[in-house]
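To be precise, the following lines are structure-v2.cif, and they hold mmCIF, C-alpha atoms.
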```
data_input
#
loop_
_atom_site.group_PDB
_atom_site.id
_atom_site.type_symbol
_atom_site.label_atom_id
_atom_site.label_comp_id
_atom_site.auth_asym_id
_atom_site.auth_seq_id
_atom_site.Cartn_x
_atom_site.Cartn_y
_atom_site.Cartn_z
ATOM 1 C CA SER A 4 50.844 24.551 1.957
ATOM 2 C CA GLN A 5 48.243 23.182 -0.461
ATOM 3 C CA ASP A 6 48.515 19.703 1.123
ATOM 4 C CA CYS A 7 48.048 21.259 4.568
ATOM 5 C CA SER A 8 44.950 23.098 3.451
ATOM 6 C CA SER A 9 43.580 19.941 1.809
ATOM 7 C CA ASN A 10 44.173 17.907 4.981
ATOM 8 C CA GLN A 11 42.487 20.582 7.081
ATOM 9 C CA MET A 12 39.421 20.484 4.788
ATOM 10 C CA ASP A 13 39.228 16.694 5.067
ATOM 11 C CA GLN A 14 39.575 16.902 8.846
ATOM 12 C CA THR A 15 36.723 19.429 9.098
ATOM 13 C CA SER A 16 34.561 17.267 6.855
ATOM 14 C CA ALA A 17 35.280 14.181 8.975
ATOM 15 C CA SER A 18 34.448 15.984 12.222
ATOM 16 C CA GLU A 19 31.223 17.308 10.698
ATOM 17 C CA LYS A 20 30.255 13.793 9.611
ATOM 18 C CA HIS A 21 30.992 12.505 13.110
ATOM 19 C CA TYR A 22 28.815 15.272 14.603
ATOM 20 C CA GLN A 23 25.960 14.519 12.189
ATOM 21 C CA LYS A 24 26.222 10.792 13.040
ATOM 22 C CA GLU A 25 25.933 11.539 16.778
ATOM 23 C CA ILE A 26 22.829 13.655 16.191
ATOM 24 C CA TYR A 27 21.359 10.988 13.915
ATOM 25 C CA ASP A 28 21.873 8.279 16.583
ATOM 26 C CA ASP A 29 20.217 10.540 19.166
ATOM 27 C CA ILE A 30 17.210 11.076 16.848
ATOM 28 C CA VAL A 31 16.827 7.312 16.318
ATOM 29 C CA ASN A 32 17.000 6.654 20.076
ATOM 30 C CA LYS A 33 14.394 9.339 20.766
ATOM 31 C CA LEU A 34 12.036 7.873 18.155
ATOM 32 C CA ILE A 35 12.405 4.379 19.628
ATOM 33 C CA SER A 36 11.784 5.718 23.157
ATOM 34 C CA ALA A 37 8.614 7.436 21.914
ATOM 35 C CA GLY A 38 7.313 4.180 20.418
ATOM 36 C CA TYR A 39 8.411 4.265 16.771
ATOM 37 C CA TYR A 40 10.077 0.847 16.766
ATOM 38 C CA ARG A 41 10.718 0.735 13.003
ATOM 39 C CA ALA A 42 13.660 3.016 13.712
ATOM 40 C CA ARG A 43 15.377 -0.078 15.183
ATOM 41 C CA ILE A 44 15.529 -1.813 11.776
ATOM 42 C CA SER A 45 19.144 -1.406 10.713
ATOM 43 C CA ASN A 46 18.431 -2.513 7.118
ATOM 44 C CA LEU A 47 16.445 0.667 6.482
ATOM 45 C CA SER A 48 18.242 3.698 5.066
ATOM 46 C CA ASP A 49 18.918 6.709 7.299
ATOM 47 C CA PHE A 50 16.262 8.646 5.376
ATOM 48 C CA ASP A 51 13.644 5.924 5.880
ATOM 49 C CA ARG A 52 14.300 5.652 9.621
ATOM 50 C CA VAL A 53 14.248 9.387 10.348
ATOM 51 C CA VAL A 54 11.573 10.528 7.882
ATOM 52 C CA GLY A 55 9.394 7.524 8.750
ATOM 53 C CA GLY A 56 9.647 8.676 12.381
ATOM 54 C CA LEU A 57 8.763 12.240 11.377
ATOM 55 C CA CYS A 58 5.617 11.073 9.578
ATOM 56 C CA TRP A 59 4.683 8.818 12.517
ATOM 57 C CA CYS A 60 5.034 11.716 14.977
ATOM 58 C CA ILE A 61 2.868 14.001 12.834
ATOM 59 C CA THR A 62 0.058 11.459 12.378
ATOM 60 C CA SER A 63 0.242 10.301 16.038
ATOM 61 C CA SER A 64 -0.048 13.863 17.344
ATOM 62 C CA GLY A 65 -3.742 13.866 16.413
ATOM 63 C CA GLU A 66 -3.468 17.257 14.713
ATOM 64 C CA ASN A 67 -5.746 17.826 11.735
ATOM 65 C CA VAL A 68 -3.140 19.075 9.243
ATOM 66 C CA ASP A 69 -5.013 18.043 6.067
ATOM 67 C CA VAL A 70 -1.728 17.088 4.401
ATOM 68 C CA ASP A 71 -0.839 13.704 2.919
ATOM 69 C CA VAL A 72 2.265 12.550 4.827
ATOM 70 C CA LEU A 73 1.956 8.908 3.793
ATOM 71 C CA PHE A 74 5.428 7.391 4.091
ATOM 72 C CA GLN A 75 6.679 4.449 2.051
ATOM 73 C CA GLU A 76 10.123 2.921 2.264
ATOM 74 C CA ASN A 77 12.689 2.948 -0.574
ATOM 75 C CA SER A 78 11.033 5.957 -2.219
ATOM 76 C CA THR A 79 12.222 7.438 -5.490
ATOM 77 C CA ILE A 80 13.881 10.870 -5.505
ATOM 78 C CA GLY A 81 10.627 12.419 -6.737
ATOM 79 C CA GLN A 82 8.650 10.777 -3.924
ATOM 80 C CA LYS A 83 11.208 11.956 -1.359
ATOM 81 C CA ILE A 84 10.915 15.536 -2.616
ATOM 82 C CA SER A 85 7.092 15.428 -2.508
ATOM 83 C CA LEU A 86 7.098 13.892 0.973
ATOM 84 C CA SER A 87 9.621 16.449 2.281
ATOM 85 C CA GLU A 88 7.440 19.285 0.981
ATOM 86 C CA ALA A 89 4.332 17.709 2.556
ATOM 87 C CA ILE A 90 6.133 17.368 5.911
ATOM 88 C CA THR A 91 7.256 21.016 5.974
ATOM 89 C CA LYS A 92 3.712 22.112 5.073
ATOM 90 C CA ALA A 93 2.245 19.959 7.852
ATOM 91 C CA LEU A 94 4.745 21.340 10.392
ATOM 92 C CA ARG A 95 3.803 24.917 9.471
ATOM 93 C CA LYS A 96 0.112 24.106 9.979
ATOM 94 C CA MET A 97 0.925 22.558 13.366
ATOM 95 C CA GLY A 98 2.703 25.747 14.423
ATOM 96 C CA CYS A 99 6.145 24.155 14.790
ATOM 97 C CA PRO A 100 8.509 26.806 16.243
ATOM 98 C CA HIS A 101 11.503 25.351 14.357
ATOM 99 C CA PRO A 102 11.380 26.239 10.636
ATOM 100 C CA LEU A 103 12.378 23.371 8.352
ATOM 101 C CA GLN A 104 12.990 23.404 4.598
ATOM 102 C CA PRO A 105 12.411 20.396 2.279
ATOM 103 C CA HIS A 106 16.102 20.151 1.337
ATOM 104 C CA GLN A 107 16.998 19.752 5.045
ATOM 105 C CA ILE A 108 14.845 16.609 5.132
ATOM 106 C CA GLN A 109 15.558 14.971 1.781
ATOM 107 C CA GLY A 110 19.283 15.641 1.936
ATOM 108 C CA GLY A 111 21.502 15.860 -1.079
ATOM 109 C CA VAL A 112 25.248 16.090 -1.448
ATOM 110 C CA GLY A 113 25.751 16.790 2.256
ATOM 111 C CA GLY A 114 22.938 14.550 3.455
ATOM 112 C CA SER A 115 20.024 15.493 5.711
ATOM 113 C CA ASP A 116 20.387 18.329 8.227
ATOM 114 C CA TYR A 117 20.115 16.238 11.401
ATOM 115 C CA PRO A 118 20.602 19.091 13.924
ATOM 116 C CA ALA A 119 17.599 20.895 12.385
ATOM 117 C CA LEU A 120 15.598 17.647 12.271
ATOM 118 C CA GLN A 121 16.463 16.897 15.891
ATOM 119 C CA LEU A 122 14.812 20.113 17.129
ATOM 120 C CA VAL A 123 11.657 19.335 15.171
ATOM 121 C CA ILE A 124 11.490 15.706 16.322
ATOM 122 C CA VAL A 125 11.962 16.668 19.998
ATOM 123 C CA TRP A 126 9.088 19.153 19.627
ATOM 124 C CA LEU A 127 6.875 16.573 17.875
ATOM 125 C CA ILE A 128 7.561 13.872 20.474
ATOM 126 C CA LYS A 129 6.655 16.282 23.292
ATOM 127 C CA LYS A 130 3.435 17.148 21.444
ATOM 128 C CA TYR A 131 2.709 13.447 20.910
ATOM 129 C CA PHE A 132 2.997 12.661 24.647
ATOM 130 C CA GLU A 133 0.830 15.661 25.572
ATOM 131 C CA ARG A 134 -1.835 14.473 23.140
ATOM 132 C CA ARG A 135 -1.597 10.905 24.444
ATOM 133 C CA ASN A 136 -2.109 12.075 28.044
ATOM 134 C CA GLU A 137 -5.153 14.110 26.964
ATOM 135 C CA LYS A 138 -6.609 11.079 25.191
ATOM 136 C CA ASP A 139 -5.942 8.838 28.231
ATOM 137 C CA ILE A 140 -7.889 11.239 30.478
ATOM 138 C CA GLN A 141 -10.687 11.518 27.911
ATOM 139 C CA PHE A 142 -10.989 7.730 27.528
ATOM 140 C CA ARG A 143 -10.944 7.239 31.303
ATOM 141 C CA ASN A 144 -13.704 9.816 31.842
ATOM 142 C CA GLU A 145 -15.828 8.220 29.117
ATOM 143 C CA SER A 146 -15.275 4.759 30.620
ATOM 144 C CA LEU A 147 -16.268 5.955 34.086
ATOM 145 C CA TYR A 148 -19.365 7.659 32.679
ATOM 146 C CA HIS A 149 -20.562 4.530 30.842
ATOM 147 C CA PHE A 150 -19.720 2.336 33.839
ATOM 148 C CA SER A 151 -21.663 4.552 36.246
ATOM 149 C CA LYS A 152 -24.773 4.324 34.036
ATOM 150 C CA SER A 153 -25.040 0.558 34.620
ATOM 151 C CA TYR A 154 -23.066 -0.218 37.785
ATOM 152 C CA THR A 155 -22.476 1.210 41.235
ATOM 153 C CA LEU A 156 -19.345 0.726 43.279
ATOM 154 C CA PRO A 157 -19.814 -0.222 46.966
ATOM 155 C CA GLY A 158 -18.496 3.153 48.114
ATOM 156 C CA ASP A 159 -21.013 5.019 45.961
ATOM 157 C CA TYR A 160 -24.014 2.849 46.841
ATOM 158 C CA ASP A 161 -25.110 4.592 50.053
ATOM 159 C CA SER A 162 -25.045 8.036 48.495
ATOM 160 C CA LYS A 163 -27.136 6.954 45.507
ATOM 161 C CA LEU A 164 -29.642 4.805 47.382
ATOM 162 C CA HIS A 165 -33.146 6.346 47.232
ATOM 163 C CA GLY A 166 -31.646 9.692 46.234
ATOM 164 C CA ILE A 167 -29.908 10.210 49.607
ATOM 165 C CA SER A 168 -27.281 12.933 49.325
ATOM 166 C CA ALA A 169 -23.643 12.232 50.168
ATOM 167 C CA THR A 170 -23.796 14.647 53.147
ATOM 168 C CA PHE A 171 -26.899 13.005 54.614
ATOM 169 C CA SER A 172 -25.347 9.593 54.056
ATOM 170 C CA ARG A 173 -22.280 10.649 56.080
ATOM 171 C CA ILE A 174 -24.531 11.865 58.918
ATOM 172 C CA LEU A 175 -26.341 8.534 58.988
ATOM 173 C CA LYS A 176 -23.053 6.670 59.161
ATOM 174 C CA CYS A 177 -21.821 8.842 62.039
ATOM 175 C CA ASN A 178 -25.011 8.181 64.037
ATOM 176 C CA LYS A 179 -25.298 4.446 63.582
ATOM 177 C CA ALA A 180 -26.324 2.357 66.578
ATOM 178 C CA VAL A 181 -23.226 0.984 68.248
ATOM 179 C CA LYS A 182 -23.257 -2.234 70.261
ATOM 180 C CA LEU A 183 -21.665 -1.448 73.638
ATOM 181 C CA TYR A 184 -22.225 -4.686 75.477
ATOM 182 C CA LYS A 185 -21.484 -8.229 74.509
ATOM 183 C CA ARG A 186 -23.733 -11.077 75.546
ATOM 184 C CA ARG A 187 -22.151 -13.050 78.336
ATOM 185 C CA GLU A 188 -21.506 -16.740 77.874
ATOM 186 C CA ILE A 189 -24.213 -19.018 79.273
ATOM 187 C CA SER A 190 -24.115 -22.720 79.789
ATOM 188 C CA LYS A 191 -25.772 -25.079 77.336
ATOM 189 C CA GLY A 192 -28.145 -26.423 79.948
ATOM 190 C CA ALA A 193 -29.527 -22.973 80.900
ATOM 191 C CA SER A 194 -33.275 -22.509 80.852
ATOM 192 C CA GLU A 195 -35.080 -20.650 78.106
ATOM 193 C CA ASP A 196 -35.862 -17.782 80.473
ATOM 194 C CA THR A 197 -32.151 -17.362 81.292
ATOM 195 C CA ARG A 198 -31.200 -17.320 77.598
ATOM 196 C CA VAL A 199 -33.863 -14.671 76.824
ATOM 197 C CA ARG A 200 -32.661 -12.452 79.652
ATOM 198 C CA ALA A 201 -29.042 -12.800 78.443
ATOM 199 C CA CYS A 202 -30.058 -11.504 75.006
ATOM 200 C CA LEU A 203 -31.973 -8.559 76.459
#
```

Whole structure, structure tokens version:
Amino acid sequence: SQDCSSNQMDQTSASEKHYQKEIYDDIVNKLISAGYYRARISNLSDFDRVVGGLCWCITSSGENVDVDVLFQENSTIGQKISLSEAITKALRKMGCPHPLQPHQIQGGVGGSDYPALQLVIVWLIKKYFERRNEKDIQFRNESLYHFSKSYTLPGDYDSKLHGISATFSRILKCNKAVKLYKRREISKGASEDTRVRACL
């Protein structure tokens, strides 16, 4: 009976480890897809890959959290604790809907809590892409503004020429003189009078 119970405990532990490993792999893949390519380096520890990604997401989001989340690889236990506390503080300031405690990041006997970290990382990555899209639009608008101060595209030329409005420019285009007749072919030896009449 005792052996049975011991085996059952080991089996549960093994299945939990397998589940945590699946979540960890999913986190790493999500970080790589978002652009954090250091997560590909297999020589880094699990902590360095995941927590490095967390710090990257926070700093890349553009949020002003006023918290030092500077990440360095192969940290001491004390540095890991300080960094985990800084990350949880930063997440609270960012309004993260998924509460996270320092011990869930730094791990311990049972390791890091990857299911909890996964929720946070998915939220951060979504925030990162939203921020990136906002910045893309902002940069494009600024570029167009500075370009328009010095240059004019062919399509915009008519509307800007001598202060003519776009509506008036369209009216002018609609009422352009249209050539209805084509000059007929005349022989090379034709007189000057014949050539003049052909043009008229």

>> One decimal, in Å: what's the spacing between atom CA of Glu76 of chain A and atom CA of Met97 of chain A?
In response: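 Straight-line distance from atom CA of Glu76 of chain A to atom CA of Met97 of chain A works out to 24.4 Å.
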
>> So that I can check the surroundings of Leu47 of chain A, please list as a PyMOL selection string every protein, DNA and RNA residue that reaches within 12 Å of it, counting all atoms listed in the file and ignoring chain neighbours fewer than 3 positions away.
In response: chain A and resi 31+41-44+50-55+75-78

>> Since I can't run it myself right now, could you work out what the PyMOL selection byres ((chain A and resi 27) around 12) selects here and report it as an MDAnalysis selection string?
In response: chainID A and resid 20:26 28:34 42 48:50 52:54 114:122 124

>> Just the number, please: distance in Å from atom CA of Lys83 of chain A to atom CA of Ile108 of chain A, one decimal.
In response: 8.8 Å

> Which one of A:Ser64, A:Ser87, A:Thr197, A:Asn46 sits closest to Ile128 of chain A if you count only C-alpha atoms?
Replying inline: A:Ser64

> atom CA of Ser36 of chain A to atom CA of Arg95 of chain A: how many Å, to one decimal?
Replying inline: 24.9 Å

> Mind telling me what the PyMOL selection byres ((chain A and resi 63) around 10) catches here, as a PyMOL selection string?
Replying inline: chain A and resi 57-62+64-66+127-128+130-132+134-135

>> Ranking A:Glu19, A:Glu88, A:Tyr39, A:Leu94 by minimum distance to Trp126 of chain A and counting only C-alpha atoms, which one comes first?
In response: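 Closest residue, counting only C-alpha atoms: A:Leu94.
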
> Expanded to explicit residues, what is the PyMOL selection byres ((chain A and resi 96) around 12) for this file, as an NGL selection string?
Replying inline: :A and (61 or 66-70 or 89-95 or 97-100 or 102)

Centre, edges in Å (one decimal): axis-aligned box, segment 15-27 of chain A, 3 Å padding on all six sides, as JSON:
```
{"center_x": 29.0, "center_y": 15.1, "center_z": 11.8, "size_x": 21.4, "size_y": 14.6, "size_z": 15.9}
```

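The closest residue to Gly38 of chain A, picked from A:Tyr148, A:Ile84, A:Gly56, A:Ala193 and counting all atoms listed in the file, is A:Gly56.
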